[in-house]
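start26.cif follows; it contains mmCIF, C-alpha atoms.
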```cif
data_target
#
loop_
_atom_site.group_PDB
_atom_site.id
_atom_site.type_symbol
_atom_site.label_atom_id
_atom_site.label_comp_id
_atom_site.auth_asym_id
_atom_site.auth_seq_id
_atom_site.Cartn_x
_atom_site.Cartn_y
_atom_site.Cartn_z
ATOM 1 C CA MET A 1 9.631 -4.439 -11.084
ATOM 2 C CA LYS A 2 9.447 -1.119 -9.256
ATOM 3 C CA ALA A 3 7.392 -0.535 -6.118
ATOM 4 C CA MET A 4 5.572 2.425 -4.627
ATOM 5 C CA ILE A 5 4.976 2.910 -0.929
ATOM 6 C CA LEU A 6 2.081 5.215 -0.079
ATOM 7 C CA ALA A 7 3.357 7.317 2.820
ATOM 8 C CA ALA A 8 1.855 10.785 2.431
ATOM 9 C CA GLY A 9 -1.093 10.724 4.837
ATOM 10 C CA LYS A 10 -1.372 12.672 8.073
ATOM 11 C CA GLY A 11 -2.455 9.813 10.337
ATOM 12 C CA GLU A 12 -5.120 11.784 12.190
ATOM 13 C CA ARG A 13 -6.482 8.732 14.020
ATOM 14 C CA MET A 14 -2.988 7.944 15.279
ATOM 15 C CA ARG A 15 -2.698 11.204 17.219
ATOM 16 C CA PRO A 16 -0.981 12.154 19.479
ATOM 17 C CA LEU A 17 1.729 9.795 18.175
ATOM 18 C CA THR A 18 1.693 11.549 14.805
ATOM 19 C CA ASP A 19 1.642 15.111 16.107
ATOM 20 C CA ASN A 20 5.370 15.407 15.456
ATOM 21 C CA MET A 21 6.170 12.278 13.441
ATOM 22 C CA PRO A 22 4.722 10.841 10.221
ATOM 23 C CA LYS A 23 2.969 7.505 10.738
ATOM 24 C CA PRO A 24 5.332 5.539 8.437
ATOM 25 C CA LEU A 25 8.169 6.227 10.884
ATOM 26 C CA LEU A 26 6.364 4.838 13.934
ATOM 27 C CA ASN A 27 8.066 1.753 15.334
ATOM 28 C CA VAL A 28 6.569 -1.719 15.071
ATOM 29 C CA GLU A 29 8.631 -4.651 16.311
ATOM 30 C CA GLY A 30 11.555 -2.336 16.974
ATOM 31 C CA GLN A 31 11.808 -0.572 13.619
ATOM 32 C CA PRO A 32 9.797 1.916 11.583
ATOM 33 C CA LEU A 33 6.893 0.637 9.504
ATOM 34 C CA LEU A 34 8.581 2.034 6.414
ATOM 35 C CA VAL A 35 11.778 0.104 7.080
ATOM 36 C CA HIS A 36 9.852 -3.180 7.351
ATOM 37 C CA HIS A 37 8.525 -2.556 3.847
ATOM 38 C CA LEU A 38 11.888 -1.575 2.397
ATOM 39 C CA ARG A 39 13.555 -4.709 3.756
ATOM 40 C CA ALA A 40 10.744 -6.927 2.485
ATOM 41 C CA LEU A 41 10.853 -5.358 -0.968
ATOM 42 C CA ARG A 42 14.601 -5.799 -1.245
ATOM 43 C CA ALA A 43 14.301 -9.420 -0.088
ATOM 44 C CA ALA A 44 11.778 -9.942 -2.905
ATOM 45 C CA GLY A 45 14.297 -8.743 -5.480
ATOM 46 C CA ILE A 46 12.892 -5.247 -6.005
ATOM 47 C CA GLN A 47 15.590 -2.641 -6.532
ATOM 48 C CA GLU A 48 13.758 0.661 -7.066
ATOM 49 C CA VAL A 49 11.112 2.165 -4.802
ATOM 50 C CA VAL A 50 9.063 5.351 -5.013
ATOM 51 C CA ILE A 51 7.824 6.858 -1.730
ATOM 52 C CA ASN A 52 5.251 9.645 -1.840
ATOM 53 C CA THR A 53 5.346 12.183 0.954
ATOM 54 C CA TRP A 54 3.324 15.114 2.218
ATOM 55 C CA TYR A 55 2.797 15.351 5.986
ATOM 56 C CA LEU A 56 6.198 15.855 7.667
ATOM 57 C CA GLY A 57 7.716 14.420 4.530
ATOM 58 C CA ALA A 58 11.171 15.841 5.221
ATOM 59 C CA GLN A 59 11.451 13.475 8.184
ATOM 60 C CA ILE A 60 10.890 10.511 5.871
ATOM 61 C CA VAL A 61 13.485 11.743 3.395
ATOM 62 C CA ASN A 62 15.992 12.338 6.196
ATOM 63 C CA ALA A 63 15.365 8.905 7.743
ATOM 64 C CA ILE A 64 15.506 6.841 4.555
ATOM 65 C CA GLY A 65 17.758 8.891 2.314
ATOM 66 C CA ASP A 66 18.585 7.437 -1.082
ATOM 67 C CA GLY A 67 17.830 3.893 0.087
ATOM 68 C CA GLN A 68 21.415 2.680 -0.193
ATOM 69 C CA GLU A 69 21.357 1.427 3.388
ATOM 70 C CA TYR A 70 18.620 -1.013 2.374
ATOM 71 C CA GLY A 71 20.153 -2.033 -0.945
ATOM 72 C CA LEU A 72 17.594 0.035 -2.858
ATOM 73 C CA LYS A 73 17.342 3.104 -5.044
ATOM 74 C CA VAL A 74 14.650 5.271 -3.472
ATOM 75 C CA HIS A 75 12.848 8.049 -5.336
ATOM 76 C CA TYR A 76 10.509 10.554 -3.685
ATOM 77 C CA SER A 77 7.273 11.958 -5.063
ATOM 78 C CA MET A 78 6.815 15.002 -2.859
ATOM 79 C CA GLU A 79 3.274 16.362 -2.847
ATOM 80 C CA GLU A 80 2.600 20.051 -2.196
ATOM 81 C CA THR A 81 -1.010 19.180 -1.370
ATOM 82 C CA LEU A 82 -2.263 15.753 -0.344
ATOM 83 C CA LEU A 83 -3.311 13.854 -3.467
ATOM 84 C CA ASP A 84 -4.910 10.835 -1.738
ATOM 85 C CA THR A 85 -4.135 7.281 -2.800
ATOM 86 C CA GLY A 86 -5.156 7.504 -6.453
ATOM 87 C CA GLY A 87 -3.789 10.953 -7.154
ATOM 88 C CA GLY A 88 -0.536 10.102 -5.422
ATOM 89 C CA ILE A 89 0.047 7.119 -7.698
ATOM 90 C CA VAL A 90 -0.820 9.089 -10.835
ATOM 91 C CA ARG A 91 1.700 11.787 -9.898
ATOM 92 C CA ALA A 92 4.403 9.124 -9.527
ATOM 93 C CA LEU A 93 3.692 7.359 -12.852
ATOM 94 C CA PRO A 94 6.576 9.055 -14.722
ATOM 95 C CA ILE A 95 8.984 7.534 -12.184
ATOM 96 C CA LEU A 96 7.256 4.148 -12.057
ATOM 97 C CA GLY A 97 7.562 3.654 -15.820
ATOM 98 C CA LYS A 98 5.639 1.606 -18.351
ATOM 99 C CA GLU A 99 5.748 -1.832 -16.705
ATOM 100 C CA PRO A 100 3.445 -3.233 -13.977
ATOM 101 C CA PHE A 101 4.450 -2.012 -10.515
ATOM 102 C CA LEU A 102 3.727 -2.899 -6.906
ATOM 103 C CA VAL A 103 1.808 -0.530 -4.628
ATOM 104 C CA ILE A 104 1.768 -1.031 -0.862
ATOM 105 C CA SER A 105 0.526 1.235 1.917
ATOM 106 C CA ALA A 106 3.105 2.262 4.486
ATOM 107 C CA ASP A 107 0.668 1.828 7.366
ATOM 108 C CA ILE A 108 0.221 -1.947 7.224
ATOM 109 C CA ARG A 109 2.359 -4.576 8.912
ATOM 110 C CA THR A 110 2.401 -7.936 7.179
ATOM 111 C CA ASP A 111 4.575 -10.927 6.404
ATOM 112 C CA PHE A 112 3.044 -11.350 2.963
ATOM 113 C CA PRO A 113 5.682 -12.799 0.569
ATOM 114 C CA VAL A 114 5.863 -10.069 -2.064
ATOM 115 C CA GLN A 115 7.860 -12.310 -4.396
ATOM 116 C CA THR A 116 4.773 -14.500 -4.940
ATOM 117 C CA LEU A 117 2.888 -11.703 -6.710
ATOM 118 C CA PRO A 118 2.521 -12.003 -10.502
ATOM 119 C CA ALA A 119 5.024 -9.731 -12.213
ATOM 120 C CA ASN A 120 2.820 -9.558 -15.294
ATOM 121 C CA PRO A 121 -0.805 -9.933 -14.158
ATOM 122 C CA ASN A 122 -3.449 -10.965 -16.641
ATOM 123 C CA ALA A 123 -5.535 -7.932 -15.688
ATOM 124 C CA LEU A 124 -5.202 -4.196 -15.089
ATOM 125 C CA ALA A 125 -4.568 -4.882 -11.400
ATOM 126 C CA HIS A 126 -4.018 -7.814 -9.056
ATOM 127 C CA LEU A 127 -5.004 -7.320 -5.415
ATOM 128 C CA ILE A 128 -4.222 -9.066 -2.155
ATOM 129 C CA MET A 129 -7.405 -9.710 -0.189
ATOM 130 C CA VAL A 130 -7.500 -10.446 3.543
ATOM 131 C CA ASP A 131 -10.133 -11.397 6.111
ATOM 132 C CA ASN A 132 -12.357 -8.520 7.188
ATOM 133 C CA PRO A 133 -11.022 -6.873 10.374
ATOM 134 C CA MET A 134 -13.343 -6.121 13.254
ATOM 135 C CA TYR A 135 -13.718 -2.474 12.227
ATOM 136 C CA LYS A 136 -14.727 -3.376 8.673
ATOM 137 C CA GLN A 137 -16.945 -6.430 8.804
ATOM 138 C CA GLU A 138 -18.717 -5.519 5.562
ATOM 139 C CA GLY A 139 -15.435 -5.848 3.657
ATOM 140 C CA ASP A 140 -14.583 -4.304 0.285
ATOM 141 C CA PHE A 141 -14.957 -6.795 -2.547
ATOM 142 C CA GLY A 142 -15.737 -10.399 -3.352
ATOM 143 C CA LEU A 143 -13.268 -12.925 -4.738
ATOM 144 C CA ASP A 144 -14.434 -15.579 -7.172
ATOM 145 C CA LYS A 145 -11.996 -17.983 -8.860
ATOM 146 C CA GLY A 146 -9.218 -15.437 -8.919
ATOM 147 C CA LYS A 147 -11.370 -12.497 -10.025
ATOM 148 C CA VAL A 148 -12.183 -9.593 -7.719
ATOM 149 C CA THR A 149 -15.915 -8.851 -7.813
ATOM 150 C CA LEU A 150 -18.424 -6.354 -6.477
ATOM 151 C CA SER A 151 -20.455 -9.209 -5.026
ATOM 152 C CA ALA A 152 -21.987 -8.668 -1.598
ATOM 153 C CA HIS A 153 -21.493 -12.350 -0.720
ATOM 154 C CA GLN A 154 -18.439 -13.452 1.292
ATOM 155 C CA THR A 155 -16.543 -10.212 0.945
ATOM 156 C CA PHE A 156 -12.921 -9.630 1.828
ATOM 157 C CA THR A 157 -10.912 -6.505 2.600
ATOM 158 C CA TYR A 158 -8.368 -5.116 0.163
ATOM 159 C CA GLY A 159 -5.053 -5.591 1.951
ATOM 160 C CA ASN A 160 -3.463 -2.442 0.489
ATOM 161 C CA ILE A 161 -1.029 -4.538 -1.552
ATOM 162 C CA GLY A 162 -1.441 -4.787 -5.293
ATOM 163 C CA ILE A 163 0.174 -4.925 -8.703
ATOM 164 C CA TYR A 164 -1.017 -2.248 -11.112
ATOM 165 C CA ARG A 165 -0.470 -1.699 -14.794
ATOM 166 C CA PRO A 166 0.016 1.943 -15.821
ATOM 167 C CA GLU A 167 -3.005 1.453 -18.095
ATOM 168 C CA PHE A 168 -5.138 1.130 -14.966
ATOM 169 C CA PHE A 169 -4.839 4.910 -14.578
ATOM 170 C CA VAL A 170 -5.783 5.924 -18.120
ATOM 171 C CA ASN A 171 -8.683 8.406 -17.838
ATOM 172 C CA ALA A 172 -8.094 8.748 -14.083
ATOM 173 C CA PRO A 173 -9.393 11.928 -12.418
ATOM 174 C CA VAL A 174 -7.110 14.936 -12.279
ATOM 175 C CA GLY A 175 -5.708 15.972 -8.909
ATOM 176 C CA ALA A 176 -6.556 14.374 -5.580
ATOM 177 C CA PHE A 177 -8.755 11.279 -5.591
ATOM 178 C CA PRO A 178 -9.032 8.001 -3.649
ATOM 179 C CA LEU A 179 -8.147 4.758 -5.403
ATOM 180 C CA GLY A 180 -11.425 3.036 -4.494
ATOM 181 C CA GLY A 181 -13.597 4.565 -7.204
ATOM 182 C CA LEU A 182 -11.248 3.579 -9.997
ATOM 183 C CA LEU A 183 -10.929 0.101 -8.532
ATOM 184 C CA ARG A 184 -14.694 -0.361 -8.508
ATOM 185 C CA GLN A 185 -14.908 0.835 -12.098
ATOM 186 C CA HIS A 186 -12.350 -1.700 -13.336
ATOM 187 C CA ILE A 187 -13.744 -4.485 -11.145
ATOM 188 C CA ALA A 188 -17.182 -3.891 -12.667
ATOM 189 C CA ASN A 189 -15.566 -4.394 -16.092
ATOM 190 C CA ASP A 190 -13.968 -7.693 -14.951
ATOM 191 C CA LEU A 191 -10.461 -6.268 -15.235
ATOM 192 C CA VAL A 192 -9.091 -6.969 -11.736
ATOM 193 C CA THR A 193 -7.748 -10.262 -10.397
ATOM 194 C CA GLY A 194 -6.820 -11.130 -6.829
ATOM 195 C CA GLN A 195 -5.723 -13.690 -4.289
ATOM 196 C CA TYR A 196 -6.557 -14.369 -0.669
ATOM 197 C CA TYR A 197 -3.914 -14.118 2.050
ATOM 198 C CA ALA A 198 -4.465 -15.613 5.502
ATOM 199 C CA GLY A 199 -1.164 -14.702 7.141
ATOM 200 C CA VAL A 200 -0.075 -11.819 9.353
ATOM 201 C CA TRP A 201 -1.719 -8.552 8.331
ATOM 202 C CA HIS A 202 -2.335 -5.513 10.524
ATOM 203 C CA ASN A 203 -3.712 -2.146 9.467
ATOM 204 C CA ILE A 204 -2.004 0.388 11.748
ATOM 205 C CA GLY A 205 -4.631 3.109 11.949
ATOM 206 C CA THR A 206 -4.795 3.928 15.674
ATOM 207 C CA PRO A 207 -2.512 3.694 18.723
ATOM 208 C CA ASN A 208 -4.482 0.590 19.733
ATOM 209 C CA ASP A 209 -3.725 -1.013 16.349
ATOM 210 C CA LEU A 210 -0.057 -0.303 16.919
ATOM 211 C CA ALA A 211 -0.204 -1.930 20.352
ATOM 212 C CA ILE A 212 -1.983 -4.993 18.928
ATOM 213 C CA ALA A 213 0.617 -5.426 16.180
ATOM 214 C CA ASN A 214 3.459 -5.244 18.704
ATOM 215 C CA ALA A 215 1.677 -7.602 21.095
ATOM 216 C CA SER A 216 1.050 -10.094 18.293
ATOM 217 C CA ALA A 217 4.739 -10.061 17.383
ATOM 218 C CA THR A 218 5.737 -10.648 21.000
ATOM 219 C CA ALA A 219 3.252 -13.495 21.343
ATOM 220 C CA GLY A 220 4.481 -15.060 18.117
#
```

Exercise: express the given structure as structure tokens:
Amino acid sequence: MKAMILAAGKGERMRPLTDNMPKPLLNVEGQPLLVHHLRALRAAGIQEVVINTWYLGAQIVNAIGDGQEYGLKVHYSMEETLLDTGGGIVRALPILGKEPFLVISADIRTDFPVQTLPANPNALAHLIMVDNPMYKQEGDFGLDKGKVTLSAHQTFTYGNIGIYRPEFFVNAPVGAFPLGGLLRQHIANDLVTGQYYAGVWHNIGTPNDLAIANASATAG
């Protein structure tokens, strides 16, 4: 299985830390967020990774290189204009191939065991759902007996980790678009499965989030 790390965003809410550095290269627990993901993916047996870049993307390419240092083959999908989460994945599809692939956002810190994900999900996508963080108490989706739903009862937050089939993106919009709309469409058609994860998961969106993640690691 191949994996894609979404790393193109500008990280506006993380300023001033991202004024001169892309968010995926910010340090958590002594190493860049991106490196945490690369090490975890390699430990899970993944050998090829696609990283999309836009904001200060050359810094990411220079820092990670061809991935050999991490036992990986790293490809880059370099965006001339920001394509958002959905558009970024669609652009990278020719590299990702015809088999299901993993997508993970660069700006989360988690100890989720990637190797437990289904390599061949019985759906167009399989999502990791986590408890709603304080900033998002309404959550994203419901989870009922392994199916992700649009139910308003006992919602969870999409943890920005998922397995996607290329078929998920058939008839996707052209150009830049967020992933959420397409997810809701396929969820409404009962085509998305999921699982709940209760372990370490931090969304690193602001300098305070970064401080909390580092403090949690120190406390642990």

Considering only C-alpha atoms, give me a table of residues in range 71-177 of chain A that are at most 8 Å from range 40-60 of chain A, with the closest atom pair and distance in Å for each, as a Markdown table.
```
| residue | atom | partner | partner_atom | distance |
| --- | --- | --- | --- | --- |
| A:Gly71 | CA | A:Arg42 | CA | 6.7 |
| A:Leu72 | CA | A:Gln47 | CA | 5.0 |
| A:Lys73 | CA | A:Glu48 | CA | 4.8 |
| A:Val74 | CA | A:Val49 | CA | 4.9 |
| A:His75 | CA | A:Val50 | CA | 4.7 |
| A:Tyr76 | CA | A:Ile51 | CA | 5.0 |
| A:Ser77 | CA | A:Asn52 | CA | 4.5 |
| A:Met78 | CA | A:Thr53 | CA | 5.0 |
| A:Glu79 | CA | A:Trp54 | CA | 5.2 |
| A:Glu80 | CA | A:Trp54 | CA | 6.7 |
| A:Thr81 | CA | A:Trp54 | CA | 6.9 |
| A:Leu82 | CA | A:Trp54 | CA | 6.2 |
| A:Gly88 | CA | A:Asn52 | CA | 6.8 |
| A:Ala92 | CA | A:Val50 | CA | 7.5 |
| A:Ile95 | CA | A:Val50 | CA | 7.5 |
| A:Leu96 | CA | A:Val50 | CA | 7.4 |
| A:Pro113 | CA | A:Ala44 | CA | 7.6 |
| A:Val114 | CA | A:Ala44 | CA | 6.0 |
| A:Gln115 | CA | A:Ala44 | CA | 4.8 |
```

Applying the PyMOL selection byres ((chain A and resi 205) around 8) to the file I just gave you, which residues come out? Please list them as a list of chain:residue names.
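When the PyMOL selection byres ((chain A and resi 205) around 8) is applied to the shown file, the picked residues are A:Gly11, A:Arg13, A:Met14, A:Asp107, A:Asn203, A:Ile204, A:Thr206, A:Pro207, A:Asp209, A:Leu210.
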
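Neighbouring residues of Asp144 in chain A at 12 Å or closer, counting only C-alpha atoms and skipping chain neighbours under 6 positions away, are Met129, Leu150, Ser151, Ala152, His153, Gln154, Thr155, Phe156, Ile187, Asp190, Val192, Thr193, Gly194, Gln195 and Tyr196 of chain A.
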
Write a file of the just-selected residues containing C-alpha atoms, as a compact mmCIF listing (two decimals), in the frame of the given file.
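Heads up, here's the output in out37.txt:
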```txt
# COMPACT_ATOMS: atom_id res chain seq x y z
CA MET A 129 -7.40 -9.71 -0.19
CA LEU A 150 -18.42 -6.35 -6.48
CA SER A 151 -20.45 -9.21 -5.03
CA ALA A 152 -21.99 -8.67 -1.60
CA HIS A 153 -21.49 -12.35 -0.72
CA GLN A 154 -18.44 -13.45 1.29
CA THR A 155 -16.54 -10.21 0.94
CA PHE A 156 -12.92 -9.63 1.83
CA ILE A 187 -13.74 -4.49 -11.14
CA ASP A 190 -13.97 -7.69 -14.95
CA VAL A 192 -9.09 -6.97 -11.74
CA THR A 193 -7.75 -10.26 -10.40
CA GLY A 194 -6.82 -11.13 -6.83
CA GLN A 195 -5.72 -13.69 -4.29
CA TYR A 196 -6.56 -14.37 -0.67
```

Around range 149-153 of chain A, fit a box with edges along x, y and z, padding it by 3 Å on each side, then list its centre and edge lengths in Å to one decimal as AutoDock Vina command-line options.
```
--center_x -19.0 --center_y -9.4 --center_z -4.3 --size_x 12.1 --size_y 12.0 --size_z 13.1
```

Apply the PyMOL selection byres ((chain A and resi 161) around 9) to the structure shown and report the selected residues as a ChimeraX atom specification.
/A:102-105,114,126-129,158-160,162-163

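In terms of minimum interatomic distance to His202 in chain A, A:Val28 ranks closest within A:Met21, A:Val28, A:Val170, A:Ala123, counting all atoms listed in the file.
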
Choose the residue, out of A:Val200, A:Leu117, A:Leu124, A:Ile89, that has the smallest atom-to-atom separation from Val148 in chain A; count all atoms listed in the file.
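Comparing A:Val200, A:Leu117, A:Leu124, A:Ile89 against Val148 in chain A, the winner is A:Leu124.
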
Can you tell me, as a ChimeraX atom specification, what residues are no more than 9 Å from range 180-186 of chain A when counting all atoms listed in the file, ignoring any on the same chain fewer than 3 positions away?
/A:85-86,124-125,141,149-150,168-169,172-173,177,189-192

To test your reading of the syntax: which residues would the PyMOL selection byres ((chain A and resi 110) around 7) return for the file shown? Reply as JSON, numbers by chain.
{"A": [108, 109, 111, 112, 200, 201, 202]}

Between CA of Ala198 in chain A and CA of Val130 in chain A - distance in Å to one decimal:
6.3 Å

Pick the closest to Pro94 in chain A from A:Pro166, A:Pro24, A:Pro16, A:Gly67: which is it, counting all atoms listed in the file?
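Closest candidate: A:Pro166.
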
Mind dumping range 179-190 of chain A from that block, keeping all heavy atoms, as a CSV table (one decimal), in the first residue's frame?
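The result, written out as decode-v1.csv:
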```
chain,number,residue,atom,x,y,z
A,179,LEU,N,-12.1,18.0,0.9
A,179,LEU,CA,-12.5,16.6,0.9
A,179,LEU,C,-13.9,16.4,1.5
A,179,LEU,O,-14.6,15.4,1.1
A,179,LEU,CB,-11.5,15.8,1.6
A,179,LEU,CG,-11.6,14.2,1.6
A,179,LEU,CD1,-11.5,13.8,0.1
A,179,LEU,CD2,-10.4,13.6,2.4
A,180,GLY,N,-14.3,17.3,2.4
A,180,GLY,CA,-15.5,17.1,3.1
A,180,GLY,C,-16.8,16.8,2.3
A,180,GLY,O,-17.6,16.0,2.7
A,181,GLY,N,-17.0,17.6,1.3
A,181,GLY,CA,-18.2,17.5,0.5
A,181,GLY,C,-18.3,16.1,-0.2
A,181,GLY,O,-19.4,15.5,-0.2
A,182,LEU,N,-17.2,15.6,-0.7
A,182,LEU,CA,-17.2,14.3,-1.3
A,182,LEU,C,-17.4,13.2,-0.3
A,182,LEU,O,-18.1,12.2,-0.5
A,182,LEU,CB,-15.9,14.1,-2.1
A,182,LEU,CG,-15.9,13.1,-3.3
A,182,LEU,CD1,-17.0,13.4,-4.3
A,182,LEU,CD2,-14.5,13.1,-3.9
A,183,LEU,N,-16.8,13.4,0.9
A,183,LEU,CA,-17.1,12.4,2.0
A,183,LEU,C,-18.5,12.4,2.3
A,183,LEU,O,-19.1,11.3,2.5
A,183,LEU,CB,-16.3,12.9,3.2
A,183,LEU,CG,-14.9,12.3,3.4
A,183,LEU,CD1,-14.1,12.9,4.5
A,183,LEU,CD2,-14.9,10.8,3.5
A,184,ARG,N,-19.2,13.5,2.5
A,184,ARG,CA,-20.6,13.5,2.9
A,184,ARG,C,-21.5,12.8,1.8
A,184,ARG,O,-22.4,12.1,2.1
A,184,ARG,CB,-21.1,15.0,3.1
A,184,ARG,CG,-20.6,15.5,4.5
A,184,ARG,CD,-21.2,16.8,4.8
A,184,ARG,NE,-20.6,17.9,4.0
A,184,ARG,CZ,-19.5,18.5,4.3
A,184,ARG,NH1,-18.8,18.3,5.4
A,184,ARG,NH2,-19.0,19.5,3.5
A,185,GLN,N,-21.1,13.0,0.5
A,185,GLN,CA,-21.8,12.4,-0.5
A,185,GLN,C,-21.8,10.9,-0.5
A,185,GLN,O,-22.8,10.2,-0.6
A,185,GLN,CB,-21.2,12.9,-1.9
A,185,GLN,CG,-21.9,12.2,-3.1
A,185,GLN,CD,-21.2,12.7,-4.4
A,185,GLN,OE1,-20.8,13.8,-4.5
A,185,GLN,NE2,-21.0,11.8,-5.3
A,186,HIS,N,-20.6,10.4,-0.3
A,186,HIS,CA,-20.4,8.9,-0.2
A,186,HIS,C,-20.9,8.3,1.1
A,186,HIS,O,-21.4,7.2,1.1
A,186,HIS,CB,-18.9,8.5,-0.4
A,186,HIS,CG,-18.4,8.8,-1.8
A,186,HIS,ND1,-19.1,8.4,-2.9
A,186,HIS,CD2,-17.3,9.4,-2.2
A,186,HIS,CE1,-18.4,8.7,-4.0
A,186,HIS,NE2,-17.3,9.3,-3.6
A,187,ILE,N,-20.9,9.1,2.2
A,187,ILE,CA,-21.4,8.6,3.5
A,187,ILE,C,-23.0,8.5,3.3
A,187,ILE,O,-23.6,7.6,3.8
A,187,ILE,CB,-21.1,9.6,4.6
A,187,ILE,CG1,-19.6,9.5,4.9
A,187,ILE,CG2,-21.9,9.3,5.9
A,187,ILE,CD1,-19.0,10.6,5.8
A,188,ALA,N,-23.6,9.5,2.7
A,188,ALA,CA,-25.0,9.5,2.5
A,188,ALA,C,-25.4,8.3,1.6
A,188,ALA,O,-26.6,7.8,1.8
A,188,ALA,CB,-25.5,10.8,1.7
A,189,ASN,N,-24.5,7.8,0.8
A,189,ASN,CA,-24.8,6.6,0.0
A,189,ASN,C,-24.4,5.3,0.7
A,189,ASN,O,-24.3,4.2,0.0
A,189,ASN,CB,-24.2,6.7,-1.4
A,189,ASN,CG,-24.9,7.8,-2.2
A,189,ASN,OD1,-26.1,7.9,-2.2
A,189,ASN,ND2,-24.1,8.5,-3.0
A,190,ASP,N,-24.0,5.4,2.0
A,190,ASP,CA,-23.6,4.2,2.8
A,190,ASP,C,-22.4,3.5,2.2
A,190,ASP,O,-22.3,2.3,2.2
A,190,ASP,CB,-24.8,3.2,2.8
A,190,ASP,CG,-24.7,2.3,4.0
A,190,ASP,OD1,-24.1,2.7,5.0
A,190,ASP,OD2,-25.2,1.1,3.9
```
